$ cat model_12.cif   # mmCIF, C-alpha atoms
data_structure
loop_
_atom_site.label_atom_id
_atom_site.label_comp_id
_atom_site.auth_asym_id
_atom_site.auth_seq_id
_atom_site.Cartn_x
_atom_site.Cartn_y
_atom_site.Cartn_z
CA MET A 1 129.19 136.87 1.41
CA ASP A 2 129.08 137.85 5.09
CA TRP A 3 132.40 138.82 6.68
CA TRP A 4 132.21 136.11 9.32
CA MET A 5 131.75 133.50 6.60
CA VAL A 6 134.84 134.81 4.77
CA LEU A 7 136.87 134.59 8.00
CA PHE A 8 135.56 131.10 8.76
CA ILE A 9 136.37 129.77 5.28
CA ILE A 10 139.86 131.31 5.25
CA LEU A 11 140.79 130.00 8.71
CA LEU A 12 139.28 126.58 8.00
CA SER A 13 141.26 126.37 4.74
CA LEU A 14 144.48 127.32 6.52
CA LEU A 15 143.99 124.81 9.32
CA GLY A 16 143.03 122.11 6.82
CA LEU A 17 146.19 122.66 4.77
CA MET A 18 148.34 122.66 7.92
CA PHE A 19 146.62 119.48 9.11
CA ILE A 20 147.65 117.65 5.93
CA ARG A 21 151.21 118.89 6.54
CA VAL A 22 151.47 121.56 3.86
CA PRO A 23 154.32 123.90 4.97
CA VAL A 24 152.89 126.95 6.70
CA ALA A 25 154.29 129.51 4.26
CA PHE A 26 152.89 127.58 1.28
CA ALA A 27 149.53 127.13 3.03
CA PHE A 28 149.22 130.91 3.43
CA LEU A 29 150.39 131.47 -0.14
CA MET A 30 147.74 129.10 -1.53
CA VAL A 31 144.95 130.66 0.55
CA ASN A 32 146.11 134.17 -0.34
CA ILE A 33 146.14 133.40 -4.08
CA VAL A 34 142.62 131.93 -4.06
CA ALA A 35 141.25 134.69 -1.80
CA ALA A 36 142.87 137.45 -3.87
CA TYR A 37 141.47 135.98 -7.09
CA ILE A 38 137.93 135.73 -5.67
CA LEU A 39 137.80 138.88 -3.52
CA TRP A 40 140.02 141.25 -5.51
CA GLY A 41 138.56 140.72 -8.98
CA GLY A 42 140.31 137.88 -10.80
CA GLU A 43 143.66 138.51 -12.50
CA SER A 44 143.87 142.10 -11.29
CA GLY A 45 143.63 140.74 -7.76
CA LEU A 46 146.64 138.51 -8.39
CA TYR A 47 148.63 141.53 -9.59
CA LEU A 48 147.68 143.35 -6.39
CA LEU A 49 148.81 140.32 -4.39
CA VAL A 50 152.21 140.32 -6.11
CA HIS A 51 152.70 144.04 -5.39
CA SER A 52 151.62 143.48 -1.78
CA ILE A 53 154.22 140.74 -1.33
CA GLN A 54 156.90 142.87 -3.00
CA ASP A 55 156.16 145.79 -0.66
CA ALA A 56 156.24 143.47 2.36
CA LEU A 57 159.64 142.04 1.46
CA THR A 58 161.24 145.44 0.79
CA ASN A 59 160.39 146.71 4.28
CA PHE A 60 163.60 147.98 5.90
CA SER A 61 162.37 146.95 9.36
CA LEU A 62 163.05 143.32 8.35
CA LEU A 63 166.78 143.88 7.77
CA PRO A 64 167.82 143.13 11.38
CA ILE A 65 166.42 139.58 11.14
CA PRO A 66 169.09 138.01 8.87
CA LEU A 67 171.82 139.97 10.67
CA PHE A 68 170.71 138.79 14.12
CA VAL A 69 170.41 135.25 12.79
CA LEU A 70 173.91 135.44 11.26
CA MET A 71 175.29 136.73 14.56
CA GLY A 72 173.82 133.78 16.42
CA GLU A 73 174.83 131.22 13.79
CA ILE A 74 178.48 132.33 13.85
CA MET A 75 178.62 132.17 17.65
CA PHE A 76 176.82 128.83 17.71
CA HIS A 77 179.06 127.12 15.15
CA SER A 78 182.23 128.59 16.69
CA GLY A 79 181.66 126.33 19.71
CA VAL A 80 181.72 129.03 22.38
CA ALA A 81 178.50 127.84 24.08
CA PRO A 82 180.00 124.94 26.12
CA LYS A 83 182.83 127.20 27.33
CA MET A 84 180.33 129.83 28.46
CA LEU A 85 178.28 127.24 30.35
CA ASN A 86 181.42 125.85 31.99
CA THR A 87 182.44 129.34 33.11
CA LEU A 88 178.99 130.08 34.52
CA ASP A 89 179.03 126.72 36.31
CA LYS A 90 182.18 127.73 38.19
CA TRP A 91 180.37 130.72 39.73
CA LEU A 92 177.38 128.75 41.04
CA GLY A 93 179.34 126.96 43.75
CA ARG A 94 177.16 124.94 46.11
CA LEU A 95 173.82 126.61 45.40
CA PRO A 96 170.77 124.30 45.73
CA GLY A 97 169.82 122.92 42.33
CA ARG A 98 172.98 124.35 40.77
CA LEU A 99 172.67 122.44 37.47
CA SER A 100 169.04 123.54 37.13
CA LEU A 101 170.13 127.11 37.81
CA LEU A 102 172.84 126.63 35.20
CA ALA A 103 170.10 125.83 32.68
CA VAL A 104 168.39 129.14 33.47
CA GLY A 105 171.62 131.14 33.45
CA GLY A 106 172.75 129.38 30.30
CA GLY A 107 169.43 130.05 28.60
CA THR A 108 169.81 133.74 29.43
CA LEU A 109 173.39 133.97 28.16
CA LEU A 110 172.83 131.80 25.10
CA SER A 111 169.76 133.76 24.05
CA SER A 112 172.00 135.72 21.69
CA LEU A 113 173.30 132.55 20.02
CA THR A 114 170.03 131.11 18.77
CA ALA A 115 167.03 132.37 16.88
CA SER A 116 164.45 130.06 18.41
CA THR A 117 163.18 128.38 21.54
CA MET A 118 163.67 124.97 19.95
CA ALA A 119 167.36 125.57 19.17
CA THR A 120 168.09 126.80 22.70
CA THR A 121 166.24 123.85 24.24
CA ALA A 122 168.19 121.41 22.09
CA MET A 123 171.51 123.11 22.88
CA LEU A 124 170.92 123.20 26.64
CA GLY A 125 169.53 119.67 26.65
CA SER A 126 172.41 118.08 24.77
CA THR A 127 174.93 119.91 26.98
CA LEU A 128 173.38 119.59 30.46
CA VAL A 129 171.19 116.47 30.49
CA PRO A 130 174.10 113.96 30.55
CA GLU A 131 175.68 115.76 33.53
CA MET A 132 172.32 116.00 35.33
CA GLU A 133 171.81 112.28 34.81
CA ARG A 134 175.24 111.53 36.27
CA LYS A 135 174.46 113.68 39.32
CA GLN A 136 171.12 111.83 39.78
CA TYR A 137 168.88 114.85 39.15
CA LYS A 138 165.23 113.83 38.90
CA ILE A 139 163.12 114.69 35.84
CA PRO A 140 161.31 117.72 37.41
CA MET A 141 164.66 119.43 38.09
CA SER A 142 166.41 118.43 34.88
CA ILE A 143 163.90 118.38 32.04
CA GLY A 144 161.68 121.14 33.47
CA PRO A 145 164.29 123.93 33.80
CA ILE A 146 165.83 123.20 30.39
CA LEU A 147 162.42 123.13 28.71
CA ALA A 148 161.41 126.44 30.29
CA SER A 149 164.76 128.17 29.78
CA GLY A 150 164.57 127.59 26.03
CA GLY A 151 161.90 130.30 25.93
CA LEU A 152 164.42 132.90 27.11
CA ALA A 153 165.78 132.91 23.54
CA VAL A 154 162.86 135.06 22.38
CA MET A 155 162.46 137.12 25.57
CA ILE A 156 166.06 138.34 25.85
CA PRO A 157 167.21 140.65 23.01
CA PRO A 158 168.42 140.42 20.38
CA SER A 159 165.40 138.33 19.41
CA ALA A 160 164.65 137.45 15.79
CA LEU A 161 161.09 136.46 16.73
CA GLY A 162 160.71 139.81 18.48
CA VAL A 163 161.80 141.65 15.34
CA LEU A 164 159.34 139.60 13.28
CA LEU A 165 156.45 140.27 15.68
CA ALA A 166 157.19 144.00 15.68
CA SER A 167 157.40 144.06 11.87
CA LEU A 168 154.11 142.20 11.43
CA GLY A 169 152.43 144.34 14.09
CA MET A 170 153.70 147.59 12.56
CA ILE A 171 155.34 148.73 15.80
CA SER A 172 158.85 150.09 16.36
CA VAL A 173 161.38 147.25 16.20
CA GLY A 174 163.89 149.11 18.37
CA GLN A 175 161.34 149.97 21.05
CA PHE A 176 160.01 146.41 21.15
CA LEU A 177 163.48 144.90 21.58
CA ILE A 178 163.92 147.22 24.56
CA ALA A 179 160.40 146.46 25.86
CA ILE A 180 161.10 142.73 26.27
CA ILE A 181 164.22 143.23 28.43
CA LEU A 182 162.59 143.57 31.87
CA PRO A 183 159.94 140.84 31.29
CA GLY A 184 162.71 138.56 29.99
CA VAL A 185 164.90 139.15 33.04
CA LEU A 186 161.90 138.70 35.35
CA MET A 187 161.13 135.42 33.58
CA ALA A 188 164.64 134.13 34.38
CA VAL A 189 164.35 135.35 37.99
CA LEU A 190 161.01 133.56 38.51
CA PHE A 191 162.50 130.32 37.19
CA ALA A 192 165.56 130.65 39.44
CA VAL A 193 163.51 131.43 42.56
CA TYR A 194 161.24 128.44 41.92
CA ILE A 195 164.24 126.13 41.44
CA ILE A 196 165.96 127.26 44.65
CA ILE A 197 162.77 126.93 46.72
CA ARG A 198 161.90 123.50 45.36
CA ALA A 199 165.47 122.25 45.74
CA GLN A 200 165.34 123.30 49.40
CA LEU A 201 161.94 121.69 50.01
CA GLN A 202 162.71 118.48 48.09
CA PRO A 203 166.50 117.96 48.16
CA SER A 204 166.15 114.48 46.63
CA LEU A 205 165.10 116.04 43.30
CA ALA A 206 168.46 117.82 42.95
CA PRO A 207 170.97 116.04 45.21
CA LYS A 208 173.90 118.08 46.49
CA TYR A 209 177.35 116.89 45.49
CA GLU A 210 180.93 117.85 46.15
CA VAL A 211 182.08 120.75 44.03
CA GLU A 212 185.74 121.43 43.41
CA SER A 213 186.85 124.74 44.87
CA ILE A 214 187.79 127.06 42.02
CA PRO A 215 190.24 129.93 42.67
CA LEU A 216 188.74 133.38 42.17
CA SER A 217 191.49 134.25 39.72
CA GLU A 218 190.51 131.33 37.47
CA LYS A 219 186.84 132.36 37.55
CA LEU A 220 187.71 135.94 36.62
CA VAL A 221 190.03 134.89 33.79
CA ASP A 222 187.43 132.53 32.29
CA THR A 223 184.73 135.19 32.64
CA ALA A 224 186.93 137.71 30.84
CA LYS A 225 187.64 135.17 28.07
CA TYR A 226 184.25 133.59 27.45
CA ILE A 227 181.46 135.75 28.91
CA LEU A 228 182.68 139.36 28.85
CA PRO A 229 183.31 139.55 25.07
CA LEU A 230 179.82 138.27 24.24
CA SER A 231 178.32 140.58 26.89
CA ILE A 232 180.06 143.53 25.24
CA ILE A 233 178.63 142.58 21.84
CA ILE A 234 175.12 142.26 23.30
CA PHE A 235 175.52 145.62 25.06
CA LEU A 236 176.61 147.25 21.81
CA VAL A 237 173.60 145.77 20.02
CA VAL A 238 170.95 146.53 22.65
CA GLY A 239 172.61 149.53 24.30
CA PHE A 240 173.11 151.43 21.06
CA ILE A 241 169.44 150.93 20.18
CA PHE A 242 168.39 152.11 23.66
CA LEU A 243 170.65 155.17 23.57
CA GLY A 244 169.52 156.07 20.06
CA ILE A 245 173.07 155.83 18.73
CA ALA A 246 172.17 153.24 16.11
CA SER A 247 169.06 151.83 14.46
CA PRO A 248 168.14 148.14 14.94
CA THR A 249 169.62 147.37 11.50
CA GLU A 250 172.91 149.13 12.28
CA SER A 251 173.10 147.45 15.70
CA ALA A 252 172.43 144.04 14.16
CA ALA A 253 175.20 144.65 11.61
CA MET A 254 177.60 145.56 14.43
CA GLY A 255 176.57 142.39 16.28
CA ALA A 256 177.23 140.20 13.24
CA PHE A 257 180.61 141.85 12.66
CA GLY A 258 181.46 141.53 16.36
CA SER A 259 180.62 137.82 16.32
CA LEU A 260 183.04 137.36 13.39
CA ILE A 261 185.81 139.09 15.34
CA LEU A 262 185.02 137.03 18.45
CA ALA A 263 185.08 133.75 16.53
CA ALA A 264 188.44 134.76 15.04
CA TRP A 265 189.75 135.64 18.52
CA TYR A 266 188.79 132.16 19.74
CA ARG A 267 190.58 130.78 16.63
CA GLN A 268 187.37 129.12 15.51
CA LEU A 269 186.74 131.15 12.36
CA ASN A 270 187.28 128.85 9.40
CA LEU A 271 185.59 127.98 6.12
CA LYS A 272 183.41 125.28 7.72
CA VAL A 273 182.10 127.66 10.41
CA LEU A 274 181.39 130.37 7.83
CA THR A 275 179.70 127.94 5.45
CA ASN A 276 177.47 126.48 8.17
CA ALA A 277 176.64 129.94 9.54
CA VAL A 278 175.74 131.42 6.15
CA SER A 279 173.78 128.31 5.15
CA GLY A 280 171.78 128.36 8.39
CA THR A 281 171.14 132.08 8.01
CA LEU A 282 169.91 131.75 4.43
CA LYS A 283 167.55 128.88 5.27
CA LEU A 284 166.00 130.58 8.29
CA THR A 285 165.81 134.01 6.65
CA ALA A 286 164.13 132.59 3.53
CA MET A 287 161.54 130.86 5.69
CA ILE A 288 160.90 134.01 7.74
CA LEU A 289 160.57 136.23 4.66
CA MET A 290 158.07 133.84 3.07
CA ILE A 291 156.08 133.93 6.29
CA VAL A 292 156.19 137.74 6.41
CA ALA A 293 155.02 137.98 2.80
CA GLY A 294 152.15 135.58 3.46
CA SER A 295 151.11 137.30 6.68
CA ILE A 296 151.11 140.84 5.24
CA ALA A 297 149.05 139.70 2.24
CA PHE A 298 146.73 137.81 4.59
CA SER A 299 146.26 140.98 6.66
CA GLN A 300 145.39 143.03 3.57
CA ILE A 301 142.89 140.42 2.35
CA LEU A 302 141.15 140.48 5.74
CA SER A 303 141.06 144.27 5.63
CA PHE A 304 139.78 144.47 2.03
CA SER A 305 137.03 141.91 2.64
CA GLY A 306 135.74 143.85 5.65
CA VAL A 307 136.69 141.14 8.15
CA THR A 308 139.03 143.38 10.17
CA ARG A 309 136.59 146.30 10.39
CA ASN A 310 133.61 144.14 11.35
CA LEU A 311 135.63 142.11 13.85
CA VAL A 312 136.84 145.31 15.52
CA ASP A 313 133.26 146.65 15.63
CA LEU A 314 132.07 143.36 17.13
CA VAL A 315 134.70 143.38 19.87
CA GLY A 316 134.12 147.08 20.56
CA GLY A 317 130.40 146.42 21.03
CA LEU A 318 130.85 143.58 23.51
CA GLU A 319 129.84 144.33 27.08
CA LEU A 320 133.07 142.85 28.39
CA THR A 321 135.98 144.53 30.13
CA PRO A 322 139.16 145.01 28.06
CA VAL A 323 141.10 142.84 30.52
CA PHE A 324 138.65 139.95 30.04
CA ILE A 325 138.99 140.25 26.25
CA LEU A 326 142.78 140.38 26.63
CA ILE A 327 142.82 137.19 28.71
CA LEU A 328 140.59 135.46 26.15
CA MET A 329 142.93 136.49 23.32
CA LEU A 330 145.97 135.18 25.22
CA LEU A 331 144.22 131.89 26.00
CA ILE A 332 143.55 131.40 22.28
CA ILE A 333 147.27 131.92 21.57
CA ILE A 334 148.25 129.43 24.29
CA PHE A 335 145.83 126.88 22.85
CA MET A 336 147.23 127.41 19.34
CA GLY A 337 150.75 127.00 20.72
CA MET A 338 149.89 123.47 21.82
CA PHE A 339 149.53 122.48 18.16
CA MET A 340 151.41 125.06 16.05
CA GLU A 341 154.90 126.54 16.01
CA SER A 342 155.48 130.18 16.93
CA LEU A 343 155.91 131.63 13.42
CA SER A 344 152.61 130.11 12.27
CA ILE A 345 150.82 131.57 15.27
CA LEU A 346 152.17 135.04 14.53
CA MET A 347 150.99 134.80 10.93
CA VAL A 348 147.44 133.96 11.99
CA VAL A 349 146.87 136.15 15.05
CA ILE A 350 148.82 139.38 14.47
CA PRO A 351 146.72 140.60 11.48
CA ILE A 352 143.57 139.96 13.55
CA TYR A 353 144.75 140.94 17.02
CA MET A 354 146.53 144.24 16.40
CA PRO A 355 143.45 146.15 15.15
CA ILE A 356 141.50 144.80 18.16
CA ALA A 357 144.29 145.91 20.52
CA GLU A 358 144.14 149.40 19.02
CA VAL A 359 140.37 149.73 19.43
CA LEU A 360 140.69 148.54 23.05
CA ASP A 361 143.31 151.29 23.55
CA PHE A 362 146.04 148.87 24.62
CA ASN A 363 149.65 150.00 24.53
CA LEU A 364 150.86 147.99 21.54
CA LEU A 365 154.34 147.35 22.97
CA TRP A 366 152.81 146.00 26.19
CA PHE A 367 150.31 143.90 24.25
CA ALA A 368 153.01 142.46 21.97
CA VAL A 369 155.10 141.45 25.01
CA LEU A 370 152.10 139.55 26.40
CA VAL A 371 151.58 137.85 23.03
CA LEU A 372 155.22 136.72 23.01
CA ILE A 373 154.95 135.23 26.52
CA ALA A 374 151.68 133.47 25.63
CA ILE A 375 153.32 131.91 22.57
CA GLU A 376 156.11 130.53 24.76
CA ILE A 377 153.57 129.04 27.17
CA GLY A 378 151.92 127.24 24.26
CA GLN A 379 155.24 125.89 23.02
CA ILE A 380 155.82 123.96 26.28
CA SER A 381 152.18 123.05 26.98
CA PRO A 382 150.87 119.46 26.69
CA PRO A 383 149.88 117.63 24.65
CA PHE A 384 151.65 118.76 21.46
CA GLY A 385 153.77 121.82 22.31
CA LEU A 386 156.82 121.59 20.03
CA GLY A 387 159.25 122.22 22.87
CA LEU A 388 158.07 119.03 24.55
CA PHE A 389 159.08 116.91 21.56
CA VAL A 390 162.44 118.68 21.18
CA MET A 391 163.05 117.91 24.85
CA LYS A 392 162.09 114.27 24.29
CA GLY A 393 164.88 114.04 21.73
CA VAL A 394 167.58 115.00 24.26
CA ALA A 395 166.00 113.50 27.41
CA PRO A 396 167.58 110.48 29.15
CA LYS A 397 166.72 107.12 27.63
CA GLY A 398 163.44 105.77 28.98
CA THR A 399 161.92 109.20 29.73
CA THR A 400 158.21 109.14 28.87
CA MET A 401 156.15 111.99 27.43
CA GLY A 402 154.07 111.87 30.62
CA GLN A 403 157.16 112.70 32.68
CA ILE A 404 158.02 115.58 30.36
CA TYR A 405 154.43 116.88 30.59
CA ALA A 406 154.62 116.79 34.40
CA ALA A 407 158.01 118.56 34.42
CA SER A 408 156.65 121.40 32.29
CA VAL A 409 153.62 122.20 34.48
CA PRO A 410 155.35 124.21 37.28
CA PHE A 411 157.12 126.38 34.73
CA ILE A 412 153.89 126.94 32.82
CA PHE A 413 152.47 128.34 36.07
CA MET A 414 155.57 130.56 36.41
CA LEU A 415 154.93 131.96 32.93
CA ILE A 416 151.25 132.51 33.74
CA LEU A 417 152.42 134.39 36.85
CA LEU A 418 154.70 136.46 34.60
CA ILE A 419 151.75 137.35 32.37
CA ALA A 420 149.72 138.37 35.43
CA ILE A 421 152.58 140.57 36.69
CA VAL A 422 153.02 142.28 33.30
CA ILE A 423 149.24 142.86 33.06
CA LEU A 424 149.15 144.37 36.56
CA ILE A 425 152.39 146.35 36.10
CA PRO A 426 152.46 147.62 32.48
CA PRO A 427 155.60 149.76 33.07
CA LEU A 428 157.60 146.52 33.05
CA ALA A 429 157.08 146.61 29.28
CA THR A 430 156.69 150.35 28.69
CA TRP A 431 159.14 152.07 31.05
CA LEU A 432 162.39 151.43 29.17
CA PRO A 433 160.90 152.28 25.73
CA GLY A 434 159.51 155.46 27.33
CA ILE A 435 162.98 156.44 28.53
CA MET A 436 164.36 155.56 25.11
CA THR A 437 161.95 157.87 23.27
CA SER A 438 162.46 160.73 25.74
#
$ encode --input "model_12.cif" --output "structure tokens"
Amino acid sequence: MDWWMVLFIILLSLLGLMFIRVPVAFAFLMVNIVAAYILWGGESGLYLLVHSIQDALTNFSLLPIPLFVLMGEIMFHSGVAPKMLNTLDKWLGRLPGRLSLLAVGGGTLLSSLTASTMATTAMLGSTLVPEMERKQYKIPMSIGPILASGGLAVMIPPSALGVLLASLGMISVGQFLIAIILPGVLMAVLFAVYIIIRAQLQPSLAPKYEVESIPLSEKLVDTAKYILPLSIIIFLVVGFIFLGIASPTESAAMGAFGSLILAAWYRQLNLKVLTNAVSGTLKLTAMILMIVAGSIAFSQILSFSGVTRNLVDLVGGLELTPVFILILMLLIIIFMGMFMESLSILMVVIPIYMPIAEVLDFNLLWFAVLVLIAIEIGQISPPFGLGLFVMKGVAPKGTTMGQIYAASVPFIFMLILLIAIVILIPPLATWLPGIMTS
């Protein structure tokens, strides 16, 4: 059977199973079992598949994932998030669009508390939307910033999705976590600049209101209590990786231990918090590990059947510039993001894209950063981006999907601008990892 026919049948089978709502991990498992049996020689192929999955799940590069998730779950269930947002709010004063800016700042700070865009969007939405509604903020300046800021959860380390992408792509987890720092910060800056400019041009979208004057001493005390401790933990996690003092696994363990100490310091560490945190960690980690196992086996099946080699040869023989091919690859990811969640996209594209990126001589860290941004664009893109429906759940009563679609568009353009900047200035993704290795 021709390689392109194998690829077509496998992808069609996957999409068909997902369409009938088979869970993604099980869809990959079913396709992998059938493909291994047919392509790898019957029962011996199934034994190879089992060994492949075992090797995938005993990869030490995956250890940071449950630890980062546990760190976030403990902080989330300890109830520190509202206090952090309240402290940040005190510093914003009378800035134009202050509640919209609070969404961006909150998304940046809370990136360490959640493992996904959806969780951050839900947290910000449930906390800020009622206040925005009371202050008569219009949909473009309430729904839009919250929807966009949810994506900061995967672009500001520590990022569980970043660890997963690096593991699937066979690139250094530590270097990739450092590589996403500058693009993540730039993403937040672009959102903030857009909000300030639009609030100045259209004040009716984010009406100004009287803000109580807060003494500087109170701001500093609250910052020391609610923001500084978490900032120290994040610095220990990311800084120790950057300085080469600790591996990603060791840093993640320190972060999880630090979050326990912090929850105890806030007097929020009890059996309920621990139970909820461990339960959430086990559920998410089990799902991620099943996805990793399926994706690694999927990658090996593509390689064994000749799909990867022939696809790389095909792309290498095209009379197209590498940048054009890159843009086409990113557009495919964005399109997939309109219908699929981020983990599913990684499972499908990483085994196919990484060999192509290598033959095109792309820096893999830089390429992986672009993939991550493209996934986030897809998650908030109409008509079926999952972030849109999460936002609908916390939006003011009577908000239509059309209004949410319209609110997302300016921030989609901001993310496209971010992709363009990272493409034109690769050191944004490669400079810090370069310093780290030197």
$ residues_around --input "model_12.cif" --residues "segment 346-354 of chain A" --least-positions-apart "5" --cutoff "10 Å" --atoms "only C-alpha atoms" --output "number ranges by chain"
A: 11, 14, 24-25, 28, 161, 164-166, 168-171, 291-303, 307-309, 311-312, 326, 329, 332-333, 336, 341, 359-360, 362, 364, 367-368, 371-372, 375
$ resolve_selection --input "model_12.cif" --expression "the PyMOL selection byres ((chain A and resi 383) around 8)" --output "list in words"
Met338, Ser381, Pro382, Phe384, Gly385 and Tyr405 of chain A
$ residues_around --input "model_12.cif" --residues "segment 392-395 of chain A" --least-positions-apart "3" --cutoff "8 Å" --atoms "all atoms listed in the file" --output "MDAnalysis selection string"
chainID A and resid 122 125:126 129 143 388:389 399:401 404
$ atom_distance --input "model_12.cif" --atom1 "atom CA of Leu62 of chain A" --atom2 "atom CA of Leu46 of chain A"
23.9 Å
$ residues_around --input "model_12.cif" --residues "segment 87-100 of chain A" --least-positions-apart "6" --cutoff "9 Å" --atoms "all atoms listed in the file" --output "ChimeraX atom specification"
/A:106,128,131-132,137,141-146,192,195-200,203,205-214,219,222-223,226-227
$ atom_distance --input "model_12.cif" --atom1 "atom CA of Ile334 of chain A" --atom2 "atom CA of Leu109 of chain A"
25.8 Å
$ closest_residue --input "model_12.cif" --among "A:Thr120, A:Ser149, A:Ser52, A:Ser159" --to "Gly105 of chain A" --atoms "all atoms listed in the file"
A:Ser149
$ atom_distance --input "model_12.cif" --atom1 "atom CA of Ile181 of chain A" --atom2 "atom CA of Ser231 of chain A"
14.4 Å
$ residues_near_point --input "model_12.cif" --point "(174.1, 133.6, 24.3)" --cutoff "9 Å" --atoms "all atoms listed in the file" --output "CSV table (one decimal) with C-alpha atoms, keeping the file's coordinate frame"
chain,number,residue,atom,x,y,z
A,72,GLY,CA,173.8,133.8,16.4
A,75,MET,CA,178.6,132.2,17.6
A,76,PHE,CA,176.8,128.8,17.7
A,81,ALA,CA,178.5,127.8,24.1
A,84,MET,CA,180.3,129.8,28.5
A,106,GLY,CA,172.8,129.4,30.3
A,107,GLY,CA,169.4,130.0,28.6
A,108,THR,CA,169.8,133.7,29.4
A,109,LEU,CA,173.4,134.0,28.2
A,110,LEU,CA,172.8,131.8,25.1
A,111,SER,CA,169.8,133.8,24.0
A,112,SER,CA,172.0,135.7,21.7
A,113,LEU,CA,173.3,132.6,20.0
A,114,THR,CA,170.0,131.1,18.8
A,153,ALA,CA,165.8,132.9,23.5
A,227,ILE,CA,181.5,135.8,28.9
A,230,LEU,CA,179.8,138.3,24.2
A,231,SER,CA,178.3,140.6,26.9
A,234,ILE,CA,175.1,142.3,23.3
$ closest_atom_pairs --input "model_12.cif" --of "segment 53-164 of chain A" --to "segment 236-257 of chain A" --cutoff "12 Å" --atoms "all atoms listed in the file" --output "CSV"
residue,atom,partner,partner_atom,distance
A:Asn59,CA,A:Thr249,CA,11.7
A:Phe60,CA,A:Thr249,CA,8.2
A:Ser61,CA,A:Thr249,CA,7.6
A:Leu62,CA,A:Thr249,CA,8.3
A:Leu63,CA,A:Thr249,CA,5.8
A:Pro64,CA,A:Thr249,CA,4.6
A:Ile65,CA,A:Ala252,CA,8.1
A:Pro66,CA,A:Ala252,CA,8.7
A:Leu67,CA,A:Ala252,CA,5.4
A:Phe68,CA,A:Ala252,CA,5.5
A:Val69,CA,A:Ala256,CA,8.4
A:Leu70,CA,A:Ala256,CA,6.1
A:Met71,CA,A:Ala256,CA,4.2
A:Gly72,CA,A:Ala256,CA,7.9
A:Glu73,CA,A:Ala256,CA,9.3
A:Ile74,CA,A:Ala256,CA,8.0
A:Met75,CA,A:Ala256,CA,9.3
A:Ser112,CA,A:Gly255,CA,9.7
A:Leu113,CA,A:Ala256,CA,11.0
A:Ile156,CA,A:Val238,CA,10.1
A:Pro157,CA,A:Val238,CA,7.0
A:Pro158,CA,A:Val238,CA,7.0
A:Ser159,CA,A:Val238,CA,10.4
A:Ala160,CA,A:Ala252,CA,10.3
A:Gly162,CA,A:Pro248,CA,11.7
A:Val163,CA,A:Pro248,CA,9.1
$ write_last_selection --input "model_12.cif" --atoms "C-alpha atoms" --output "short mmCIF file (atom, residue, chain, number, x, y, z; two decimals), keeping the file's coordinate frame"
data_model
loop_
_atom_site.label_atom_id
_atom_site.label_comp_id
_atom_site.auth_asym_id
_atom_site.auth_seq_id
_atom_site.Cartn_x
_atom_site.Cartn_y
_atom_site.Cartn_z
CA ASN A 59 160.39 146.71 4.28
CA PHE A 60 163.60 147.98 5.90
CA SER A 61 162.37 146.95 9.36
CA LEU A 62 163.05 143.32 8.35
CA LEU A 63 166.78 143.88 7.77
CA PRO A 64 167.82 143.13 11.38
CA ILE A 65 166.42 139.58 11.14
CA PRO A 66 169.09 138.01 8.87
CA LEU A 67 171.82 139.97 10.67
CA PHE A 68 170.71 138.79 14.12
CA VAL A 69 170.41 135.25 12.79
CA LEU A 70 173.91 135.44 11.26
CA MET A 71 175.29 136.73 14.56
CA GLY A 72 173.82 133.78 16.42
CA GLU A 73 174.83 131.22 13.79
CA ILE A 74 178.48 132.33 13.85
CA MET A 75 178.62 132.17 17.65
CA SER A 112 172.00 135.72 21.69
CA LEU A 113 173.30 132.55 20.02
CA ILE A 156 166.06 138.34 25.85
CA PRO A 157 167.21 140.65 23.01
CA PRO A 158 168.42 140.42 20.38
CA SER A 159 165.40 138.33 19.41
CA ALA A 160 164.65 137.45 15.79
CA GLY A 162 160.71 139.81 18.48
CA VAL A 163 161.80 141.65 15.34
#
$ closest_residue --input "model_12.cif" --among "A:Ile377, A:Ile178, A:Leu48, A:Lys83" --to "Pro410 of chain A" --atoms "only C-alpha atoms"
A:Ile377
$ closest_residue --input "model_12.cif" --among "A:Met187, A:Leu177, A:Ile232, A:Val6" --to "Val422 of chain A" --atoms "all atoms listed in the file"
A:Met187
